[in-house]
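Trainee: Below is the file my_file-v9.pdb, with PDB, C-alpha atoms.
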ATOM      1  CA  MET A  12      36.994  -9.912 -17.668
ATOM      2  CA  LYS A  13      40.408  -9.721 -15.980
ATOM      3  CA  SER A  14      41.400  -6.091 -15.344
ATOM      4  CA  SER A  15      44.814  -6.447 -16.983
ATOM      5  CA  ILE A  16      43.211  -7.707 -20.202
ATOM      6  CA  ILE A  17      40.599  -4.949 -20.115
ATOM      7  CA  ASN A  18      43.365  -2.369 -19.707
ATOM      8  CA  SER A  19      45.363  -3.887 -22.580
ATOM      9  CA  ILE A  20      42.348  -3.634 -24.874
ATOM     10  CA  LYS A  21      41.521  -0.080 -23.773
ATOM     11  CA  SER A  22      45.093   0.980 -24.501
ATOM     12  CA  LEU A  23      45.090  -0.384 -28.060
ATOM     13  CA  PRO A  24      45.944   2.209 -30.697
ATOM     14  CA  PRO A  25      43.270   3.091 -33.249
ATOM     15  CA  LEU A  26      43.167   1.180 -36.504
ATOM     16  CA  PRO A  27      45.329   2.715 -39.247
ATOM     17  CA  LYS A  28      43.618   5.242 -41.509
ATOM     18  CA  THR A  29      44.103   2.976 -44.522
ATOM     19  CA  VAL A  30      42.184   0.171 -42.812
ATOM     20  CA  ILE A  31      39.329   2.540 -41.972
ATOM     21  CA  ASP A  32      39.318   3.788 -45.563
ATOM     22  CA  MET A  33      39.266   0.200 -46.863
ATOM     23  CA  GLN A  34      36.251  -0.528 -44.672
ATOM     24  CA  ARG A  35      34.511   2.592 -45.964
ATOM     25  CA  VAL A  36      35.179   1.745 -49.617
ATOM     26  CA  CYS A  37      34.007  -1.859 -49.221
ATOM     27  CA  ASN A  38      30.842  -0.793 -47.417
ATOM     28  CA  ASP A  39      29.939   1.741 -50.120
ATOM     29  CA  PRO A  40      27.783   0.066 -52.806
ATOM     30  CA  ASN A  41      28.915   2.709 -55.295
ATOM     31  CA  SER A  42      32.626   1.976 -54.838
ATOM     32  CA  SER A  43      34.610   0.076 -57.425
ATOM     33  CA  ILE A  44      37.638  -2.190 -57.324
ATOM     34  CA  GLN A  45      39.674   0.747 -58.642
ATOM     35  CA  ASP A  46      38.632   2.813 -55.610
ATOM     36  CA  LEU A  47      39.974   0.054 -53.361
ATOM     37  CA  VAL A  48      43.193  -0.195 -55.382
ATOM     38  CA  LYS A  49      43.813   3.531 -54.883
ATOM     39  CA  THR A  50      43.215   3.171 -51.132
ATOM     40  CA  VAL A  51      45.519   0.161 -50.756
ATOM     41  CA  GLU A  52      48.278   1.822 -52.751
ATOM     42  CA  THR A  53      48.616   4.543 -50.076
ATOM     43  CA  ASP A  54      49.960   1.999 -47.547
ATOM     44  CA  PRO A  55      53.229   0.210 -48.466
ATOM     45  CA  MET A  56      52.820  -2.360 -45.668
ATOM     46  CA  ILE A  57      49.387  -3.425 -46.860
ATOM     47  CA  VAL A  58      50.667  -3.528 -50.444
ATOM     48  CA  ALA A  59      53.536  -5.817 -49.416
ATOM     49  CA  ASN A  60      51.275  -8.139 -47.420
ATOM     50  CA  LEU A  61      48.658  -8.286 -50.172
ATOM     51  CA  LEU A  62      51.238  -9.211 -52.814
ATOM     52  CA  LYS A  63      52.767 -11.788 -50.470
ATOM     53  CA  ALA A  64      49.347 -13.375 -49.999
ATOM     54  CA  ALA A  65      48.589 -13.251 -53.724
ATOM     55  CA  ASN A  66      51.774 -15.175 -54.473
ATOM     56  CA  SER A  67      51.242 -17.729 -51.711
ATOM     57  CA  PRO A  68      50.494 -21.321 -52.764
ATOM     58  CA  LEU A  69      47.416 -21.113 -50.522
ATOM     59  CA  TYR A  70      45.568 -19.230 -53.264
ATOM     60  CA  SER A  71      47.108 -20.843 -56.363
ATOM     61  CA  PHE A  72      46.731 -17.983 -58.833
ATOM     62  CA  ARG A  73      49.231 -19.845 -61.068
ATOM     63  CA  ARG A  74      51.117 -16.757 -62.162
ATOM     64  CA  GLU A  75      53.212 -14.168 -60.412
ATOM     65  CA  ILE A  76      51.187 -11.229 -59.136
ATOM     66  CA  ASN A  77      53.326  -8.098 -59.102
ATOM     67  CA  ASN A  78      50.939  -5.183 -58.754
ATOM     68  CA  VAL A  79      48.062  -4.164 -56.505
ATOM     69  CA  GLY A  80      45.516  -3.972 -59.324
ATOM     70  CA  GLN A  81      46.072  -7.612 -60.243
ATOM     71  CA  ALA A  82      45.879  -8.727 -56.609
ATOM     72  CA  VAL A  83      42.674  -6.824 -55.840
ATOM     73  CA  SER A  84      41.018  -8.044 -59.037
ATOM     74  CA  LEU A  85      41.868 -11.661 -58.232
ATOM     75  CA  PHE A  86      40.968 -11.549 -54.548
ATOM     76  CA  GLY A  87      37.934  -9.307 -54.907
ATOM     77  CA  MET A  88      37.068  -6.437 -52.592
ATOM     78  CA  SER A  89      35.999  -8.463 -49.571
ATOM     79  CA  MET A  90      39.073 -10.723 -49.437
ATOM     80  CA  THR A  91      41.385  -7.789 -50.122
ATOM     81  CA  ARG A  92      39.872  -5.933 -47.174
ATOM     82  CA  SER A  93      40.242  -9.016 -44.975
ATOM     83  CA  ILE A  94      43.917  -9.507 -45.797
ATOM     84  CA  GLY A  95      44.647  -5.814 -45.309
ATOM     85  CA  ILE A  96      42.844  -5.645 -41.967
ATOM     86  CA  GLY A  97      44.294  -8.929 -40.709
ATOM     87  CA  ASN A  98      47.890  -8.015 -41.326
ATOM     88  CA  SER A  99      47.437  -4.475 -40.019
ATOM     89  CA  VAL A 100      45.871  -5.781 -36.797
ATOM     90  CA  ARG A 101      48.742  -8.192 -36.194
ATOM     91  CA  LYS A 102      51.227  -5.376 -36.800
ATOM     92  CA  LEU A 103      49.454  -3.189 -34.228
ATOM     93  CA  LEU A 104      49.406  -6.016 -31.690
ATOM     94  CA  ASN A 105      52.867  -7.378 -32.406
ATOM     95  CA  VAL A 106      53.974  -9.411 -29.395
ATOM     96  CA  ASP A 107      55.937 -12.498 -28.436
ATOM     97  CA  MET A 108      53.790 -15.574 -29.164
ATOM     98  CA  GLU A 109      56.153 -17.922 -27.333
ATOM     99  CA  PRO A 110      53.513 -18.843 -24.691
ATOM    100  CA  TYR A 111      51.662 -20.614 -27.509
ATOM    101  CA  GLY A 112      54.838 -22.284 -28.732
ATOM    102  CA  VAL A 113      54.924 -20.479 -32.077
ATOM    103  CA  SER A 114      56.721 -17.544 -33.642
ATOM    104  CA  SER A 115      54.816 -14.448 -34.742
ATOM    105  CA  GLU A 116      55.392 -15.545 -38.341
ATOM    106  CA  HIS A 117      53.962 -19.015 -37.740
ATOM    107  CA  PHE A 118      50.991 -17.505 -35.926
ATOM    108  CA  ALA A 119      50.283 -15.377 -39.016
ATOM    109  CA  GLU A 120      50.572 -18.465 -41.237
ATOM    110  CA  ILE A 121      48.054 -20.366 -39.107
ATOM    111  CA  SER A 122      45.580 -17.476 -39.350
ATOM    112  CA  SER A 123      46.048 -17.489 -43.122
ATOM    113  CA  MET A 124      45.499 -21.244 -43.264
ATOM    114  CA  GLN A 125      42.299 -20.958 -41.241
ATOM    115  CA  ALA A 126      41.019 -18.235 -43.565
ATOM    116  CA  ALA A 127      42.024 -20.124 -46.717
ATOM    117  CA  LEU A 128      40.359 -23.322 -45.498
ATOM    118  CA  MET A 129      37.193 -21.428 -44.602
ATOM    119  CA  HIS A 130      37.082 -19.813 -48.043
ATOM    120  CA  ALA A 131      37.758 -23.059 -49.905
ATOM    121  CA  TRP A 132      35.018 -24.806 -47.911
ATOM    122  CA  TYR A 133      32.316 -22.124 -47.945
ATOM    123  CA  MET A 134      32.756 -21.239 -51.603
ATOM    124  CA  LYS A 135      31.196 -24.676 -52.163
ATOM    125  CA  ILE A 136      28.247 -23.678 -49.947
ATOM    126  CA  ASP A 137      27.459 -19.953 -50.259
ATOM    127  CA  ARG A 138      29.703 -17.309 -51.834
ATOM    128  CA  ALA A 139      28.263 -14.376 -49.838
ATOM    129  CA  LYS A 140      28.729 -16.231 -46.566
ATOM    130  CA  ALA A 141      32.230 -17.250 -47.645
ATOM    131  CA  ASP A 142      33.208 -13.585 -47.943
ATOM    132  CA  LYS A 143      31.904 -12.780 -44.442
ATOM    133  CA  LEU A 144      33.517 -15.839 -42.891
ATOM    134  CA  PHE A 145      36.898 -15.258 -44.539
ATOM    135  CA  LEU A 146      37.470 -12.087 -42.502
ATOM    136  CA  ALA A 147      36.233 -13.684 -39.275
ATOM    137  CA  ALA A 148      38.432 -16.760 -39.782
ATOM    138  CA  PHE A 149      41.419 -14.544 -40.561
ATOM    139  CA  LEU A 150      40.955 -12.572 -37.342
ATOM    140  CA  GLN A 151      39.378 -15.023 -34.896
ATOM    141  CA  GLU A 152      42.675 -15.871 -33.161
ATOM    142  CA  THR A 153      43.608 -12.201 -32.575
ATOM    143  CA  GLY A 154      42.816 -12.461 -28.863
ATOM    144  CA  LYS A 155      45.716 -14.865 -28.430
ATOM    145  CA  ILE A 156      48.063 -11.896 -28.817
ATOM    146  CA  ILE A 157      46.571 -10.167 -25.762
ATOM    147  CA  ILE A 158      46.451 -13.430 -23.806
ATOM    148  CA  ALA A 159      50.105 -14.194 -24.617
ATOM    149  CA  SER A 160      51.122 -10.736 -23.424
ATOM    150  CA  ASP A 161      49.175 -11.170 -20.183
ATOM    151  CA  VAL A 162      50.681 -14.606 -19.518
ATOM    152  CA  ILE A 163      54.185 -13.207 -20.071
ATOM    153  CA  GLN A 164      53.530 -10.293 -17.699
ATOM    154  CA  GLU A 165      52.321 -12.726 -15.022
ATOM    155  CA  ASP A 166      55.468 -14.859 -15.510
ATOM    156  CA  LEU A 167      53.387 -17.896 -16.418
ATOM    157  CA  ALA A 168      54.662 -18.442 -19.952
ATOM    158  CA  THR A 169      56.570 -21.691 -19.309
ATOM    159  CA  ASN A 170      53.669 -23.501 -17.644
ATOM    160  CA  PHE A 171      51.139 -22.085 -20.097
ATOM    161  CA  LYS A 172      53.199 -23.254 -23.077
ATOM    162  CA  ALA A 173      53.531 -26.751 -21.636
ATOM    163  CA  ASP A 174      49.767 -26.999 -21.152
ATOM    164  CA  VAL A 175      48.917 -25.558 -24.577
ATOM    165  CA  THR A 176      51.345 -27.861 -26.380
ATOM    166  CA  THR A 177      49.480 -30.983 -25.266
ATOM    167  CA  ALA A 178      45.962 -29.529 -25.064
ATOM    168  CA  ILE A 179      43.022 -30.884 -27.023
ATOM    169  CA  ASP A 180      40.932 -27.930 -25.828
ATOM    170  CA  ILE A 181      43.112 -24.797 -25.867
ATOM    171  CA  ALA A 182      40.215 -22.624 -24.725
ATOM    172  CA  SER A 183      40.047 -24.498 -21.414
ATOM    173  CA  VAL A 184      43.774 -23.867 -20.852
ATOM    174  CA  GLU A 185      43.318 -20.161 -21.552
ATOM    175  CA  ARG A 186      40.375 -19.987 -19.175
ATOM    176  CA  SER A 187      42.362 -21.622 -16.386
ATOM    177  CA  TYR A 188      45.140 -19.016 -16.680
ATOM    178  CA  VAL A 189      43.385 -15.752 -17.593
ATOM    179  CA  GLN A 190      39.670 -16.479 -16.958
ATOM    180  CA  GLU A 191      38.917 -15.802 -20.626
ATOM    181  CA  THR A 192      39.308 -17.506 -24.004
ATOM    182  CA  THR A 193      40.601 -16.274 -27.323
ATOM    183  CA  ALA A 194      37.009 -15.972 -28.555
ATOM    184  CA  SER A 195      35.918 -13.621 -25.769
ATOM    185  CA  VAL A 196      39.086 -11.517 -25.914
ATOM    186  CA  THR A 197      38.925 -11.234 -29.718
ATOM    187  CA  ALA A 198      35.289 -10.137 -29.476
ATOM    188  CA  ALA A 199      36.246  -7.470 -26.938
ATOM    189  CA  ILE A 200      39.058  -6.209 -29.197
ATOM    190  CA  PHE A 201      36.760  -5.757 -32.191
ATOM    191  CA  THR A 202      34.037  -4.232 -30.047
ATOM    192  CA  HIS A 203      36.663  -1.688 -28.967
ATOM    193  CA  TRP A 204      37.387  -1.007 -32.643
ATOM    194  CA  ASN A 205      33.673  -0.606 -33.447
ATOM    195  CA  PHE A 206      33.277  -3.597 -35.759
ATOM    196  CA  ASP A 207      29.660  -4.510 -36.437
ATOM    197  CA  LYS A 208      27.664  -6.551 -33.921
ATOM    198  CA  ASP A 209      27.212  -9.665 -36.083
ATOM    199  CA  PHE A 210      30.946  -9.896 -36.782
ATOM    200  CA  VAL A 211      31.773  -9.610 -33.075
ATOM    201  CA  GLU A 212      29.125 -12.146 -32.053
ATOM    202  CA  MET A 213      30.073 -14.806 -34.583
ATOM    203  CA  ILE A 214      33.586 -14.809 -33.083
ATOM    204  CA  GLU A 215      32.407 -14.414 -29.477
ATOM    205  CA  PHE A 216      30.348 -17.618 -29.695
ATOM    206  CA  SER A 217      32.833 -19.621 -31.780
ATOM    207  CA  ASP A 218      33.675 -21.795 -28.753
ATOM    208  CA  THR A 219      29.990 -22.306 -27.901
ATOM    209  CA  PRO A 220      28.063 -22.055 -31.192
ATOM    210  CA  ASP A 221      25.022 -23.756 -29.680
ATOM    211  CA  GLN A 222      24.631 -20.650 -27.480
ATOM    212  CA  ALA A 223      25.018 -18.163 -30.345
ATOM    213  CA  PRO A 224      22.151 -15.874 -31.403
ATOM    214  CA  GLU A 225      20.239 -17.494 -34.245
ATOM    215  CA  GLU A 226      21.390 -14.945 -36.827
ATOM    216  CA  VAL A 227      25.082 -15.855 -36.330
ATOM    217  CA  LYS A 228      24.800 -19.508 -35.226
ATOM    218  CA  GLU A 229      25.878 -20.907 -38.596
ATOM    219  CA  PHE A 230      28.882 -18.558 -38.731
ATOM    220  CA  SER A 231      29.973 -19.377 -35.179
ATOM    221  CA  THR A 232      29.637 -23.089 -35.926
ATOM    222  CA  ALA A 233      31.775 -22.797 -39.051
ATOM    223  CA  LEU A 234      34.470 -20.849 -37.178
ATOM    224  CA  HIS A 235      34.459 -23.478 -34.424
ATOM    225  CA  ILE A 236      34.953 -26.265 -36.962
ATOM    226  CA  ILE A 237      37.811 -24.439 -38.687
ATOM    227  CA  LYS A 238      39.792 -23.823 -35.505
ATOM    228  CA  THR A 239      39.191 -27.431 -34.488
ATOM    229  CA  ILE A 240      40.887 -28.545 -37.704
ATOM    230  CA  VAL A 241      43.619 -25.873 -37.636
ATOM    231  CA  PRO A 242      44.490 -25.322 -33.945
ATOM    232  CA  ILE A 243      47.612 -23.345 -33.134
ATOM    233  CA  ASN A 244      49.304 -26.322 -31.459
ATOM    234  CA  ASP A 245      48.705 -28.884 -34.243
ATOM    235  CA  PRO A 246      47.327 -27.403 -37.479
ATOM    236  CA  PHE A 247      45.807 -30.069 -39.736
ATOM    237  CA  GLY A 248      46.721 -32.788 -37.242
ATOM    238  CA  GLU A 249      45.030 -36.155 -37.639
ATOM    239  CA  HIS A 250      42.953 -35.766 -34.467
ATOM    240  CA  GLY A 251      41.848 -32.230 -35.307
ATOM    241  CA  ILE A 252      40.730 -33.164 -38.809
ATOM    242  CA  ALA A 253      38.766 -36.171 -37.574
ATOM    243  CA  PHE A 254      37.145 -34.190 -34.767
ATOM    244  CA  GLY A 255      36.361 -31.266 -37.076
ATOM    245  CA  LEU A 256      34.702 -33.500 -39.644
ATOM    246  CA  LYS A 257      32.664 -35.126 -36.881
ATOM    247  CA  LYS A 258      31.499 -31.707 -35.652
ATOM    248  CA  ALA A 259      30.618 -30.666 -39.203
ATOM    249  CA  GLU A 260      28.549 -33.803 -39.714
ATOM    250  CA  ALA A 261      26.753 -33.236 -36.392
ATOM    251  CA  ALA A 262      25.950 -29.685 -37.502
ATOM    252  CA  GLY A 263      24.346 -30.962 -40.705
ATOM    253  CA  TYR A 264      27.074 -30.101 -43.202
ATOM    254  CA  ASP A 265      27.959 -32.207 -46.236
ATOM    255  CA  VAL A 266      31.348 -33.385 -44.969
ATOM    256  CA  THR A 267      32.541 -34.310 -48.456
ATOM    257  CA  LYS A 268      32.784 -30.574 -49.243
ATOM    258  CA  LEU A 269      34.813 -29.916 -46.102
ATOM    259  CA  GLN A 270      37.066 -32.907 -46.747
ATOM    260  CA  ALA A 271      37.695 -31.691 -50.305
ATOM    261  CA  ALA A 272      38.635 -28.240 -48.959
ATOM    262  CA  ILE A 273      40.995 -29.808 -46.393
ATOM    263  CA  ASP A 274      42.664 -31.920 -49.080
ATOM    264  CA  SER A 275      43.076 -28.855 -51.297
ATOM    265  CA  ILE A 276      44.694 -26.739 -48.568
ATOM    266  CA  LEU A 277      46.949 -29.581 -47.432
ATOM    267  CA  GLU A 278      48.202 -30.007 -50.984
ATOM    268  CA  LYS A 279      48.922 -26.281 -51.189
ATOM    269  CA  THR A 280      50.631 -26.044 -47.785
ATOM    270  CA  ARG A 281      53.091 -28.731 -48.760
ATOM    271  CA  ALA A 282      54.373 -26.235 -51.330
ATOM    272  CA  ILE A 283      54.951 -23.522 -48.711
TER     273      ILE A 283
END
Show how you would write the structure in this file as structure tokens.
Mentor:
Amino acid sequence: MKSSIINSIKSLPPLPKTVIDMQRVCNDPNSSIQDLVKTVETDPMIVANLLKAANSPLYSFRREINNVGQAVSLFGMSMTRSIGIGNSVRKLLNVDMEPYGVSSEHFAEISSMQAALMHAWYMKIDRAKADKLFLAAFLQETGKIIIASDVIQEDLATNFKADVTTAIDIASVERSYVQETTASVTAAIFTHWNFDKDFVEMIEFSDTPDQAPEEVKEFSTALHIIKTIVPINDPFGEHGIAFGLKKAEAAGYDVTKLQAAIDSILEKTRAI
């Protein structure tokens, strides 16, 4: 891996205490939703982001959510943890996303759309897997923040942006500029933060799911399909949807479930 990217990852600050506490609560089989509510309530930023997500059309709770208890009860512990971690990570790594042709806010929206699509799709397949994949989908583009920073430092942002804007395969553009892809950089970031091996590997192999270890192959395949449909340069574009559905069919999925999830998220995003 390029030394400048390695150094950027090594210099990352530790995860906030609240995020670590959320992980601990969610991993404890004896913990309750109320335990998670108490943990979330100690961090105003996570509270604000959780309530923002709860009132987003992406999740269609159909009534205004104005307190943490309501939000955690509706999302459940796993999704609450994912939203809290995702927004905290982006805050820690806040950087100019201009090399990818998007604002930081739009980048966050795309990550949310990927996660929402994954959840809507996999809830029709396997609820337990949906919970695991929601967090991975929410965080799988994190490496783009480090790549964008590196491209800016190398004064390559203008050319990189031009290539990304028209790219069908963004990973190949990233590789040509920084010798790595978002998947590999994201995996390195979460290895640095001591996330579990399966979580890291499902993201690491999301560009090449056929090469993934058997225990995470399905997860890597699903992540690959989601970012095909919701790429940063053309989320829910006609080509991406068609290509994503084709990949899902080739992987043995019932594409009617994925198409229904796409239609549902598209309907919701029109309200945003």
Trainee: Determine the residue membership of the PyMOL selection byres ((chain A and resi 28-36) around 12) for the file above and supply it as a PyMOL selection string.
Mentor: chain A and resi 24-27+37-58+83+88-100+103+146+204-207
Trainee: Evaluating the PyMOL selection byres ((chain A and resi 141) around 12) on the displayed file yields which residues, as an NGL selection string?
Mentor: :A and (89-90 or 93 or 126-140 or 142-149 or 229-230 or 233-234)
Trainee: Just the selected residues (C-alpha atoms), exported as a compact mmCIF listing (two decimals), in the frame of the given file, please.
Mentor:
# COMPACT_ATOMS: atom_id res chain seq x y z
CA SER A 89 36.00 -8.46 -49.57
CA MET A 90 39.07 -10.72 -49.44
CA SER A 93 40.24 -9.02 -44.98
CA ALA A 126 41.02 -18.24 -43.56
CA ALA A 127 42.02 -20.12 -46.72
CA LEU A 128 40.36 -23.32 -45.50
CA MET A 129 37.19 -21.43 -44.60
CA HIS A 130 37.08 -19.81 -48.04
CA ALA A 131 37.76 -23.06 -49.90
CA TRP A 132 35.02 -24.81 -47.91
CA TYR A 133 32.32 -22.12 -47.94
CA MET A 134 32.76 -21.24 -51.60
CA LYS A 135 31.20 -24.68 -52.16
CA ILE A 136 28.25 -23.68 -49.95
CA ASP A 137 27.46 -19.95 -50.26
CA ARG A 138 29.70 -17.31 -51.83
CA ALA A 139 28.26 -14.38 -49.84
CA LYS A 140 28.73 -16.23 -46.57
CA ASP A 142 33.21 -13.58 -47.94
CA LYS A 143 31.90 -12.78 -44.44
CA LEU A 144 33.52 -15.84 -42.89
CA PHE A 145 36.90 -15.26 -44.54
CA LEU A 146 37.47 -12.09 -42.50
CA ALA A 147 36.23 -13.68 -39.28
CA ALA A 148 38.43 -16.76 -39.78
CA PHE A 149 41.42 -14.54 -40.56
CA GLU A 229 25.88 -20.91 -38.60
CA PHE A 230 28.88 -18.56 -38.73
CA ALA A 233 31.78 -22.80 -39.05
CA LEU A 234 34.47 -20.85 -37.18
Trainee: Name the closest residue to Leu277 (chain A) among the candidates A:Ala82, A:Leu69, A:Ile163, A:Ile156; distances are taken between atoms, counting all atoms listed in the file.
Mentor: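 Under the stated criterion, the closest residue is A:Leu69.
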Trainee: Could you check which of A:Thr153, A:Asn105, A:Ser217, A:Gln81 is closest to Thr239 (chain A), using only C-alpha atoms?
Mentor: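 Of A:Thr153, A:Asn105, A:Ser217, A:Gln81, the one nearest Thr239 (chain A) is A:Ser217, counting only C-alpha atoms.
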Trainee: Can you work out the spacing between CA of Ile273 (chain A) and CA of Ile252 (chain A) in Å, to one decimal?
Mentor: 8.3 Å
Trainee: Could you tell me which residues the PyMOL selection byres ((chain A and resi 245) around 12) grabs in this file, written as a list in words?
Mentor: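 In the shown coordinates, the PyMOL selection byres ((chain A and resi 245) around 12) covers Tyr111, Gly112, Val113, His117, Phe118, Ile121, Val175, Thr176, Thr177, Ala178, Ile179, Asp180, Ile181, Lys238, Thr239, Ile240, Val241, Pro242, Ile243, Asn244, Pro246, Phe247, Gly248, Glu249, His250, Gly251 and Ile252 of chain A.
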Trainee: Find the residues near Thr197 (chain A): any atom within 10 Å, counting all atoms listed in the file, skip ones fewer than 6 places away on the same chain, and give them as a VMD selection string.
Mentor: chain A and resid 20 150 to 158 203 211 214 to 215
Trainee: Write out as number ranges by chain which residues come within 9 Å of Ala259 (chain A) when counting only C-alpha atoms, dropping same-chain ones fewer than 3 positions away.
Mentor: A: 232-233, 236, 254-256, 262-266, 269
Trainee: Do you have the CA of Ala168 (chain A)-CA of Ser115 (chain A) distance handy?
Mentor: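 These two atoms are separated by 15.3 Å.
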Trainee: Between CA of Val106 (chain A) and CA of Ile276 (chain A), measure the distance and give it in Å to one decimal.
Mentor: 27.5 Å
Trainee: Please provide as a ChimeraX atom specification all residues within 10 Å of Glu226 (chain A), with the sequence filter that same-chain residues fewer than 5 positions apart are discarded (counting all atoms listed in the file).
Mentor: /A:209,212-213,231
Trainee: Can you pull out every residue within 10 Å of Asp161 (chain A), counting all atoms listed in the file, but drop anything in the same chain fewer than 6 positions away, and send it as an mmCIF file with C-alpha atoms, in the coordinates of the input?
Mentor:
data_model
loop_
_atom_site.group_PDB
_atom_site.id
_atom_site.type_symbol
_atom_site.label_atom_id
_atom_site.label_comp_id
_atom_site.auth_asym_id
_atom_site.auth_seq_id
_atom_site.Cartn_x
_atom_site.Cartn_y
_atom_site.Cartn_z
ATOM 1 C CA LYS A 13 40.408 -9.721 -15.980
ATOM 2 C CA SER A 15 44.814 -6.447 -16.983
ATOM 3 C CA ILE A 16 43.211 -7.707 -20.202
ATOM 4 C CA SER A 19 45.363 -3.887 -22.580
ATOM 5 C CA PRO A 110 53.513 -18.843 -24.691
ATOM 6 C CA LYS A 155 45.716 -14.865 -28.430
ATOM 7 C CA LEU A 167 53.387 -17.896 -16.418
ATOM 8 C CA ALA A 168 54.662 -18.442 -19.952
ATOM 9 C CA TYR A 188 45.140 -19.016 -16.680
ATOM 10 C CA VAL A 189 43.385 -15.752 -17.593
#
Trainee: Looking at A:Glu225, A:Thr193, A:Val79, A:Asp174, which one is nearest to Ala59 (chain A), with distances taken over only C-alpha atoms?
Mentor: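 Of all the options, A:Val79 lies closest to Ala59 (chain A).
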Trainee: Which is closer to Glu116 (chain A) than all the others in A:Lys102, A:Asp166, A:Ser187, A:Lys228, using all atoms listed in the file?
Mentor: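 Once distances to Glu116 (chain A) are computed over all atoms listed in the file, the minimum belongs to A:Lys102.
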Trainee: Centre and edge lengths, as lines of an AutoDock Vina configuration file, for the axis-aligned box enclosing every listed atom of region 192-196 of chain A with 6 Å of padding on each of the six sides, in Å to one decimal?
Mentor:
center_x = 38.3
center_y = -14.5
center_z = -26.3
size_x = 16.7
size_y = 18.0
size_z = 16.6
Trainee: Could you tell me, as a count of residues only, which residues have any atom at most 7 Å from (49.3, -9.2, -53.6), counting only C-alpha atoms?
Mentor: 14
